[in-house]
Amino acid sequence: MVSQEQRRRQLAREKFLRQQQRRTSARRKARMRNSVIASVLGVVVIGSLALYTTGVLKGDDSKENAGAEVTPSATPSKAPDPCEKPAAGKVKTATWKKEPELTVDKSAKYSMKLATTCGDIDIDLKASAAPHTVNSFEFLAGKGYFDHSKCHRLTTNGIYVLQCGDPTGTGTGGPGYTIPDENLKDKSLKDNIYPAGTVAMANTGQKHSGGSQFFLVYQDSQLPPSYTPFGTVSESGMKVLKKIAGAGESTGQGDGAPNATVVINKATVTKS
């Protein structure tokens with residue numbers, strides 16, 4: 001006999017996977033469309049902007065896709081914003097053609113600090129278990145890629161994550177390259193549960209499709225072990241995540257933009 005809670009989680013997981021499949025199909029159609037346009041115009045290189053706007057590296061659902069899944073019958077009341085105004089500055093729009101050279105020291109300790117409008121989120125990174133992922137984050141943070149970007153998605157039903165890492169704030173952005181899946185047999189992942197405090201890569205639903213988008217788990221969430229776990233949030237960082245989650249999300253249906261104004265003012269990766 002399947003309990004009501006188990007059934008609810010199963011439905012949430014199925015919805016999550018359906019959304020990924022739709023996005024993968026949409027990206028394929030967009031790439032085909034761009035190829036035809038390029039042929040007609042005689043353009044040899046479409047360029048990084050086309051890849052950026054067609055959502056090649058989209059990790060999870062955008063706000064628009066969430067709206068397509070369920071349409072609320074009425075505009076939900078919005079909880080008070082518990083966060084500060086973002087620091088002055090603009091997001092970077094740079095992309096790169098290939099993954100950066102692997103220079104991370106797998107024997108060293110790395111940490112990442114997300115200085116957000118809602119408070120600092122400190123993360124211990126798993127360089128030895130996920131070297132490509134940590135190497136990519138060190139590279140991108142050093143380029144200021146995450147600075148001034150919004151955390152664009154909060155889920156509060158079935159799975160409990162805050163998703164960040166897209167400078168466009170739409171769920172379709174990425175750095176122009178992908179990185180391999182890693183550490184999918186991490187000992188922390190038991191019974192397909194990503195425990196609270198896990199930081200993991202979002203992806204398109206296909207293997208080795210991670211880019212820059214990642215999610216922070218603020219409450220144990222049942223997901224297939226397909227998302228590279230590469231860090232753990234500190235105790236103080238968990239308090240920040242709980243505050244963000246407590247403000248709810250914009251659709252009232254459990255999956256949308258966070259009501260809290262979550263902006264990463266500065267992301268820093270440090271080796272110690």
# chains A, B, ... in the order shown; residues from 1 in each chain; ligands from 1

$ residues_around --residues "Gly144 of chain A" --least-positions-apart "4" --cutoff "10 Å" --atoms "only C-alpha atoms" --output "mmCIF file with C-alpha atoms, in the first residue's frame"
data_model
loop_
_atom_site.group_PDB
_atom_site.id
_atom_site.type_symbol
_atom_site.label_atom_id
_atom_site.label_comp_id
_atom_site.auth_asym_id
_atom_site.auth_seq_id
_atom_site.Cartn_x
_atom_site.Cartn_y
_atom_site.Cartn_z
ATOM 1 C CA VAL A 91 25.116 40.456 -14.595
ATOM 2 C CA LYS A 92 27.796 39.222 -16.975
ATOM 3 C CA ALA A 94 29.999 36.102 -21.339
ATOM 4 C CA PHE A 139 36.466 29.450 -12.956
ATOM 5 C CA LEU A 140 33.024 31.036 -13.261
ATOM 6 C CA HIS A 148 24.216 40.104 -9.493
ATOM 7 C CA SER A 149 22.291 37.054 -10.750
ATOM 8 C CA ASN A 265 25.703 39.982 -4.987
ATOM 9 C CA LYS A 266 29.029 38.157 -5.072
ATOM 10 C CA ALA A 267 30.153 34.526 -5.423
ATOM 11 C CA THR A 268 33.630 33.567 -4.253
#

$ closest_residue --among "A:Lys97, A:Lys113, A:Lys126, A:Lys15" --to "Pro229 of chain A" --atoms "only C-alpha atoms"
A:Lys126

$ residues_around --residues "Thr198 of chain A" --least-positions-apart "3" --cutoff "8 Å" --atoms "only C-alpha atoms" --output "ChimeraX atom specification"
/A:194-195,216-218,229-233

$ select_by_dssp --residues "segment 79-236 of chain A" --states "alpha helix (DSSP H)" --output "compact mmCIF listing (two decimals) with all heavy atoms, in the first residue's frame"
# COMPACT_ATOMS: atom_id res chain seq x y z
N PRO A 131 35.61 16.95 -9.19
CA PRO A 131 36.63 17.93 -9.59
C PRO A 131 36.23 18.80 -10.77
O PRO A 131 36.54 20.01 -10.79
CB PRO A 131 37.85 17.06 -9.93
CG PRO A 131 37.29 15.70 -10.21
CD PRO A 131 36.10 15.56 -9.31
N HIS A 132 35.56 18.24 -11.77
CA HIS A 132 35.16 19.05 -12.92
C HIS A 132 34.16 20.13 -12.51
O HIS A 132 34.22 21.27 -12.97
CB HIS A 132 34.55 18.16 -14.01
CG HIS A 132 35.56 17.34 -14.75
ND1 HIS A 132 36.18 17.76 -15.91
CD2 HIS A 132 36.07 16.11 -14.49
CE1 HIS A 132 37.01 16.84 -16.34
NE2 HIS A 132 36.96 15.81 -15.50
N THR A 133 33.24 19.75 -11.64
CA THR A 133 32.21 20.69 -11.19
C THR A 133 32.81 21.81 -10.35
O THR A 133 32.54 22.99 -10.58
CB THR A 133 31.13 19.94 -10.39
OG1 THR A 133 30.65 18.84 -11.15
CG2 THR A 133 29.97 20.87 -10.07
N VAL A 134 33.65 21.44 -9.39
CA VAL A 134 34.28 22.46 -8.54
C VAL A 134 35.21 23.34 -9.36
O VAL A 134 35.26 24.56 -9.17
CB VAL A 134 35.03 21.79 -7.38
CG1 VAL A 134 35.83 22.82 -6.58
CG2 VAL A 134 34.04 21.06 -6.46
N ASN A 135 35.92 22.74 -10.29
CA ASN A 135 36.81 23.50 -11.18
C ASN A 135 36.02 24.54 -11.98
O ASN A 135 36.45 25.69 -12.14
CB ASN A 135 37.53 22.55 -12.12
CG ASN A 135 38.59 23.23 -12.96
OD1 ASN A 135 39.64 23.61 -12.48
ND2 ASN A 135 38.31 23.40 -14.25
N SER A 136 34.87 24.12 -12.49
CA SER A 136 34.03 25.03 -13.27
C SER A 136 33.52 26.19 -12.41
O SER A 136 33.52 27.34 -12.84
CB SER A 136 32.84 24.27 -13.87
OG SER A 136 31.98 25.12 -14.57
N PHE A 137 33.10 25.87 -11.18
CA PHE A 137 32.60 26.93 -10.31
C PHE A 137 33.71 27.89 -9.90
O PHE A 137 33.48 29.10 -9.79
CB PHE A 137 31.92 26.33 -9.08
CG PHE A 137 30.46 26.06 -9.30
CD1 PHE A 137 30.06 24.96 -10.03
CD2 PHE A 137 29.49 26.92 -8.83
CE1 PHE A 137 28.71 24.72 -10.29
CE2 PHE A 137 28.15 26.70 -9.06
CZ PHE A 137 27.75 25.59 -9.79
N GLU A 138 34.91 27.37 -9.68
CA GLU A 138 36.03 28.26 -9.37
C GLU A 138 36.30 29.20 -10.55
O GLU A 138 36.53 30.40 -10.37
CB GLU A 138 37.28 27.44 -9.04
CG GLU A 138 38.47 28.31 -8.64
CD GLU A 138 39.72 27.49 -8.38
OE1 GLU A 138 39.96 26.52 -9.14
OE2 GLU A 138 40.46 27.83 -7.44
N PHE A 139 36.25 28.65 -11.75
CA PHE A 139 36.47 29.45 -12.96
C PHE A 139 35.39 30.52 -13.12
O PHE A 139 35.69 31.71 -13.30
CB PHE A 139 36.48 28.52 -14.18
CG PHE A 139 36.47 29.24 -15.50
CD1 PHE A 139 37.63 29.79 -16.02
CD2 PHE A 139 35.29 29.37 -16.23
CE1 PHE A 139 37.63 30.47 -17.24
CE2 PHE A 139 35.27 30.03 -17.45
CZ PHE A 139 36.45 30.58 -17.95
N LEU A 140 34.12 30.10 -13.04
CA LEU A 140 33.02 31.04 -13.26
C LEU A 140 32.96 32.12 -12.18
O LEU A 140 32.73 33.30 -12.46
CB LEU A 140 31.70 30.28 -13.33
CG LEU A 140 31.51 29.35 -14.54
CD1 LEU A 140 30.24 28.54 -14.40
CD2 LEU A 140 31.50 30.15 -15.84
N ALA A 141 33.16 31.71 -10.92
CA ALA A 141 33.14 32.69 -9.84
C ALA A 141 34.26 33.70 -10.02
O ALA A 141 34.09 34.90 -9.78
CB ALA A 141 33.26 31.99 -8.48
N GLY A 142 35.43 33.22 -10.47
CA GLY A 142 36.56 34.12 -10.70
C GLY A 142 36.28 35.12 -11.81
O GLY A 142 36.86 36.22 -11.83
N GLU A 235 25.64 25.46 8.47
CA GLU A 235 24.47 25.63 9.35
C GLU A 235 23.88 27.03 9.23
O GLU A 235 22.66 27.20 9.15
CB GLU A 235 24.88 25.36 10.80
CG GLU A 235 23.72 25.42 11.79
CD GLU A 235 24.13 25.08 13.20
OE1 GLU A 235 25.27 24.59 13.39
OE2 GLU A 235 23.32 25.29 14.12
N SER A 236 24.74 28.05 9.19
CA SER A 236 24.25 29.42 9.04
C SER A 236 23.61 29.63 7.68
O SER A 236 22.62 30.36 7.54
CB SER A 236 25.38 30.42 9.26
OG SER A 236 26.42 30.23 8.30

$ closest_residue --among "A:Gly210, A:Gly254, A:Pro100, A:Gly171" --to "Ile159 of chain A" --atoms "only C-alpha atoms"
A:Gly254

$ select_by_dssp --residues "segment 156-260 of chain A" --states "strand (DSSP E)" --output "tab-separated table (two decimals) with all heavy atoms, in the first residue's frame"
chain	number	residue	atom	x	y	z
A	161	VAL	N	13.83	22.85	-3.05
A	161	VAL	CA	15.11	23.38	-3.50
A	161	VAL	C	14.99	24.84	-3.92
A	161	VAL	O	13.92	25.31	-4.33
A	161	VAL	CB	15.67	22.55	-4.69
A	161	VAL	CG1	15.75	21.08	-4.34
A	161	VAL	CG2	14.84	22.75	-5.96
A	162	LEU	N	16.11	25.53	-3.82
A	162	LEU	CA	16.28	26.87	-4.38
A	162	LEU	C	17.27	26.72	-5.52
A	162	LEU	O	18.36	26.18	-5.34
A	162	LEU	CB	16.82	27.83	-3.33
A	162	LEU	CG	17.16	29.24	-3.83
A	162	LEU	CD1	15.90	30.02	-4.20
A	162	LEU	CD2	17.98	30.01	-2.78
A	163	GLN	N	16.89	27.18	-6.70
A	163	GLN	CA	17.75	27.03	-7.87
A	163	GLN	C	18.33	28.37	-8.29
A	163	GLN	O	17.63	29.38	-8.37
A	163	GLN	CB	16.98	26.42	-9.03
A	163	GLN	CG	17.87	26.06	-10.21
A	163	GLN	CD	17.17	25.19	-11.22
A	163	GLN	OE1	16.34	24.35	-10.86
A	163	GLN	NE2	17.50	25.35	-12.48
A	164	CYS	N	19.63	28.35	-8.57
A	164	CYS	CA	20.38	29.57	-8.91
A	164	CYS	C	21.34	29.25	-10.07
A	164	CYS	O	21.34	28.16	-10.60
A	164	CYS	CB	21.19	30.05	-7.70
A	164	CYS	SG	20.30	30.14	-6.13
A	193	ILE	N	17.30	10.03	-1.85
A	193	ILE	CA	17.03	11.25	-1.11
A	193	ILE	C	18.25	12.17	-1.18
A	193	ILE	O	19.36	11.76	-0.85
A	193	ILE	CB	16.71	10.96	0.38
A	193	ILE	CG1	15.44	10.12	0.50
A	193	ILE	CG2	16.56	12.26	1.17
A	193	ILE	CD1	14.17	10.83	0.09
A	194	TYR	N	18.03	13.39	-1.66
A	194	TYR	CA	19.05	14.43	-1.55
A	194	TYR	C	18.79	15.15	-0.23
A	194	TYR	O	17.80	15.87	-0.09
A	194	TYR	CB	18.95	15.40	-2.73
A	194	TYR	CG	19.58	14.89	-4.01
A	194	TYR	CD1	19.08	13.77	-4.67
A	194	TYR	CD2	20.70	15.51	-4.55
A	194	TYR	CE1	19.65	13.29	-5.83
A	194	TYR	CE2	21.29	15.05	-5.73
A	194	TYR	CZ	20.77	13.94	-6.36
A	194	TYR	OH	21.35	13.47	-7.51
A	198	THR	N	22.33	19.72	0.80
A	198	THR	CA	23.04	19.31	-0.42
A	198	THR	C	23.02	20.43	-1.46
A	198	THR	O	22.01	21.11	-1.65
A	198	THR	CB	22.38	18.06	-1.04
A	198	THR	OG1	22.40	17.01	-0.08
A	198	THR	CG2	23.12	17.61	-2.29
A	199	VAL	N	24.14	20.62	-2.13
A	199	VAL	CA	24.21	21.51	-3.30
A	199	VAL	C	24.52	20.63	-4.50
A	199	VAL	O	25.50	19.87	-4.49
A	199	VAL	CB	25.30	22.59	-3.13
A	199	VAL	CG1	25.28	23.54	-4.33
A	199	VAL	CG2	25.11	23.36	-1.84
A	200	ALA	N	23.68	20.69	-5.53
A	200	ALA	CA	23.82	19.79	-6.67
A	200	ALA	C	23.59	20.53	-7.98
A	200	ALA	O	22.97	21.61	-8.00
A	200	ALA	CB	22.85	18.61	-6.55
A	201	MET	N	24.08	19.94	-9.04
A	201	MET	CA	23.92	20.53	-10.37
A	201	MET	C	22.54	20.25	-10.94
A	201	MET	O	22.02	19.13	-10.84
A	201	MET	CB	24.97	19.97	-11.34
A	201	MET	CG	26.39	20.42	-11.05
A	201	MET	SD	26.58	22.21	-11.12
A	201	MET	CE	26.21	22.53	-12.85
A	214	PHE	N	22.53	25.43	-10.54
A	214	PHE	CA	22.65	24.50	-9.42
A	214	PHE	C	21.49	24.72	-8.47
A	214	PHE	O	20.80	25.75	-8.53
A	214	PHE	CB	23.99	24.71	-8.69
A	214	PHE	CG	24.17	26.10	-8.12
A	214	PHE	CD1	23.93	26.35	-6.77
A	214	PHE	CD2	24.61	27.15	-8.91
A	214	PHE	CE1	24.10	27.62	-6.23
A	214	PHE	CE2	24.79	28.42	-8.38
A	214	PHE	CZ	24.53	28.65	-7.04
A	215	PHE	N	21.25	23.74	-7.60
A	215	PHE	CA	20.18	23.92	-6.63
A	215	PHE	C	20.67	23.59	-5.22
A	215	PHE	O	21.56	22.75	-5.04
A	215	PHE	CB	18.93	23.11	-7.00
A	215	PHE	CG	19.12	21.63	-7.13
A	215	PHE	CD1	18.99	20.78	-6.03
A	215	PHE	CD2	19.40	21.04	-8.37
A	215	PHE	CE1	19.13	19.40	-6.15
A	215	PHE	CE2	19.54	19.67	-8.50
A	215	PHE	CZ	19.40	18.84	-7.39
A	216	LEU	N	20.08	24.27	-4.26
A	216	LEU	CA	20.39	24.09	-2.85
A	216	LEU	C	19.18	23.48	-2.16
A	216	LEU	O	18.08	24.04	-2.23
A	216	LEU	CB	20.76	25.43	-2.21
A	216	LEU	CG	21.89	26.21	-2.89
A	216	LEU	CD1	21.29	27.33	-3.75
A	216	LEU	CD2	22.85	26.82	-1.88
A	217	VAL	N	19.37	22.34	-1.54
A	217	VAL	CA	18.27	21.61	-0.92
A	217	VAL	C	18.10	22.09	0.52
A	217	VAL	O	19.01	21.99	1.33
A	217	VAL	CB	18.56	20.09	-0.93
A	217	VAL	CG1	17.38	19.32	-0.35
A	217	VAL	CG2	18.85	19.61	-2.35
A	221	SER	N	14.78	15.88	-0.03
A	221	SER	CA	14.00	15.82	-1.26
A	221	SER	C	14.31	14.52	-2.01
A	221	SER	O	15.47	14.16	-2.20
A	221	SER	CB	14.32	17.02	-2.16
A	221	SER	OG	13.96	18.23	-1.54
A	222	GLN	N	13.24	13.83	-2.43
A	222	GLN	CA	13.41	12.58	-3.15
A	222	GLN	C	13.54	12.86	-4.65
A	222	GLN	O	12.62	13.37	-5.29
A	222	GLN	CB	12.23	11.64	-2.89
A	222	GLN	CG	12.48	10.23	-3.39
A	222	GLN	CD	11.52	9.23	-2.77
A	222	GLN	OE1	10.47	9.59	-2.29
A	222	GLN	NE2	11.89	7.96	-2.78
A	229	PRO	N	26.06	15.90	-6.87
A	229	PRO	CA	26.17	16.59	-5.59
A	229	PRO	C	27.62	17.04	-5.39
A	229	PRO	O	28.54	16.23	-5.45
A	229	PRO	CB	25.78	15.51	-4.57
A	229	PRO	CG	26.14	14.22	-5.22
A	229	PRO	CD	26.07	14.43	-6.72
A	230	PHE	N	27.82	18.34	-5.21
A	230	PHE	CA	29.20	18.83	-5.17
A	230	PHE	C	29.50	19.74	-3.98
A	230	PHE	O	30.59	20.30	-3.89
A	230	PHE	CB	29.56	19.56	-6.48
A	230	PHE	CG	28.81	20.85	-6.69
A	230	PHE	CD1	29.38	22.08	-6.36
A	230	PHE	CD2	27.55	20.85	-7.26
A	230	PHE	CE1	28.70	23.26	-6.58
A	230	PHE	CE2	26.86	22.03	-7.47
A	230	PHE	CZ	27.43	23.25	-7.12
A	231	GLY	N	28.55	19.88	-3.06
A	231	GLY	CA	28.80	20.73	-1.91
A	231	GLY	C	27.77	20.54	-0.81
A	231	GLY	O	26.73	19.90	-1.01
A	232	THR	N	28.10	21.11	0.35
A	232	THR	CA	27.21	21.04	1.51
A	232	THR	C	27.10	22.42	2.14
A	232	THR	O	28.12	23.08	2.40
A	232	THR	CB	27.75	20.05	2.56
A	232	THR	OG1	27.93	18.77	1.95
A	232	THR	CG2	26.77	19.90	3.72
A	233	VAL	N	25.88	22.86	2.39
A	233	VAL	CA	25.63	24.19	2.95
A	233	VAL	C	25.92	24.19	4.46
A	233	VAL	O	25.60	23.22	5.16
A	233	VAL	CB	24.16	24.61	2.71
A	233	VAL	CG1	23.87	25.98	3.31
A	233	VAL	CG2	23.85	24.62	1.21
A	255	ASP	N	5.90	25.76	-7.05
A	255	ASP	CA	7.02	25.77	-8.00
A	255	ASP	C	6.98	27.06	-8.80
A	255	ASP	O	6.17	27.22	-9.71
A	255	ASP	CB	6.94	24.56	-8.92
A	255	ASP	CG	8.18	24.38	-9.77
A	255	ASP	OD1	9.02	25.29	-9.80
A	255	ASP	OD2	8.32	23.32	-10.41
A	256	GLY	N	7.87	27.99	-8.46
A	256	GLY	CA	7.88	29.26	-9.17
A	256	GLY	C	9.03	30.12	-8.70
A	256	GLY	O	9.93	29.66	-7.99

$ decode --residues "segment 162-193 of chain A" --atoms "N, CA, C and O atoms" --output "short mmCIF file (atom, residue, chain, number, x, y, z; two decimals), in the first residue's frame"
data_model
loop_
_atom_site.label_atom_id
_atom_site.label_comp_id
_atom_site.auth_asym_id
_atom_site.auth_seq_id
_atom_site.Cartn_x
_atom_site.Cartn_y
_atom_site.Cartn_z
N LEU A 162 16.11 25.53 -3.82
CA LEU A 162 16.28 26.87 -4.38
C LEU A 162 17.27 26.72 -5.52
O LEU A 162 18.36 26.18 -5.34
N GLN A 163 16.89 27.18 -6.70
CA GLN A 163 17.75 27.03 -7.87
C GLN A 163 18.33 28.37 -8.29
O GLN A 163 17.63 29.38 -8.37
N CYS A 164 19.63 28.35 -8.57
CA CYS A 164 20.38 29.57 -8.91
C CYS A 164 21.34 29.25 -10.07
O CYS A 164 21.34 28.16 -10.60
N GLY A 165 22.17 30.24 -10.41
CA GLY A 165 23.25 30.01 -11.37
C GLY A 165 22.95 30.37 -12.80
O GLY A 165 23.76 30.08 -13.69
N ASP A 166 21.82 31.04 -13.05
CA ASP A 166 21.47 31.47 -14.41
C ASP A 166 21.47 32.99 -14.46
O ASP A 166 20.56 33.63 -13.92
N PRO A 167 22.45 33.61 -15.12
CA PRO A 167 22.48 35.08 -15.19
C PRO A 167 21.25 35.69 -15.86
O PRO A 167 20.93 36.85 -15.60
N THR A 168 20.55 34.92 -16.71
CA THR A 168 19.37 35.47 -17.36
C THR A 168 18.17 35.51 -16.40
O THR A 168 17.20 36.21 -16.65
N GLY A 169 18.24 34.71 -15.33
CA GLY A 169 17.13 34.67 -14.38
C GLY A 169 15.89 33.99 -14.90
O GLY A 169 14.82 34.10 -14.32
N THR A 170 16.02 33.25 -16.01
CA THR A 170 14.85 32.62 -16.64
C THR A 170 14.86 31.10 -16.54
O THR A 170 13.85 30.46 -16.82
N GLY A 171 15.99 30.51 -16.19
CA GLY A 171 16.12 29.06 -16.21
C GLY A 171 16.60 28.53 -17.53
O GLY A 171 16.64 27.32 -17.74
N THR A 172 17.00 29.40 -18.46
CA THR A 172 17.46 28.97 -19.78
C THR A 172 18.93 29.28 -20.04
O THR A 172 19.45 28.94 -21.08
N GLY A 173 19.60 29.95 -19.11
CA GLY A 173 20.96 30.40 -19.35
C GLY A 173 22.02 29.40 -18.95
O GLY A 173 21.78 28.48 -18.18
N GLY A 174 23.20 29.60 -19.51
CA GLY A 174 24.33 28.75 -19.20
C GLY A 174 25.63 29.36 -19.69
O GLY A 174 25.62 30.37 -20.39
N PRO A 175 26.77 28.74 -19.34
CA PRO A 175 28.07 29.33 -19.66
C PRO A 175 28.58 29.05 -21.07
O PRO A 175 29.65 29.51 -21.44
N GLY A 176 27.83 28.26 -21.85
CA GLY A 176 28.27 27.95 -23.21
C GLY A 176 28.94 26.60 -23.32
O GLY A 176 29.20 26.11 -24.42
N TYR A 177 29.19 25.95 -22.20
CA TYR A 177 29.80 24.62 -22.20
C TYR A 177 29.07 23.75 -21.19
O TYR A 177 28.30 24.24 -20.35
N THR A 178 29.30 22.46 -21.26
CA THR A 178 28.72 21.53 -20.29
C THR A 178 29.84 20.80 -19.57
O THR A 178 30.98 20.75 -20.05
N ILE A 179 29.50 20.23 -18.42
CA ILE A 179 30.47 19.47 -17.64
C ILE A 179 29.92 18.07 -17.37
O ILE A 179 28.70 17.87 -17.38
N PRO A 180 30.79 17.10 -17.13
CA PRO A 180 30.31 15.72 -16.93
C PRO A 180 29.64 15.54 -15.58
O PRO A 180 29.92 16.26 -14.62
N ASP A 181 28.74 14.58 -15.52
CA ASP A 181 28.14 14.18 -14.25
C ASP A 181 29.23 13.57 -13.37
O ASP A 181 30.12 12.87 -13.87
N GLU A 182 29.12 13.80 -12.08
CA GLU A 182 30.12 13.28 -11.15
C GLU A 182 29.44 12.91 -9.83
O GLU A 182 28.37 13.41 -9.49
N ASN A 183 30.09 12.02 -9.10
CA ASN A 183 29.73 11.77 -7.70
C ASN A 183 28.28 11.33 -7.51
O ASN A 183 27.66 11.63 -6.48
N LEU A 184 27.73 10.62 -8.48
CA LEU A 184 26.32 10.22 -8.39
C LEU A 184 26.08 9.08 -7.41
O LEU A 184 24.93 8.74 -7.13
N LYS A 185 27.17 8.51 -6.91
CA LYS A 185 27.04 7.45 -5.89
C LYS A 185 27.54 7.96 -4.54
O LYS A 185 27.98 7.18 -3.69
N ASP A 186 27.42 9.26 -4.34
CA ASP A 186 27.84 9.85 -3.07
C ASP A 186 27.13 9.16 -1.91
O ASP A 186 25.92 8.88 -1.98
N LYS A 187 27.88 8.86 -0.86
CA LYS A 187 27.31 8.12 0.26
C LYS A 187 26.19 8.88 0.97
O LYS A 187 25.40 8.27 1.72
N SER A 188 26.09 10.20 0.73
CA SER A 188 25.01 10.97 1.36
C SER A 188 23.66 10.72 0.70
O SER A 188 22.61 11.02 1.27
N LEU A 189 23.67 10.18 -0.53
CA LEU A 189 22.43 9.95 -1.28
C LEU A 189 21.93 8.55 -0.98
O LEU A 189 22.37 7.57 -1.59
N LYS A 190 20.99 8.44 -0.07
CA LYS A 190 20.43 7.16 0.32
C LYS A 190 18.95 7.10 -0.03
O LYS A 190 18.22 8.07 0.23
N ASP A 191 18.51 6.01 -0.63
CA ASP A 191 17.10 5.83 -1.00
C ASP A 191 16.60 6.96 -1.89
O ASP A 191 15.46 7.41 -1.78
N ASN A 192 17.50 7.44 -2.79
CA ASN A 192 17.15 8.52 -3.72
C ASN A 192 16.71 9.80 -3.00
O ASN A 192 15.86 10.54 -3.50
N ILE A 193 17.30 10.03 -1.85
CA ILE A 193 17.03 11.25 -1.11
C ILE A 193 18.25 12.17 -1.18
O ILE A 193 19.36 11.76 -0.85
#
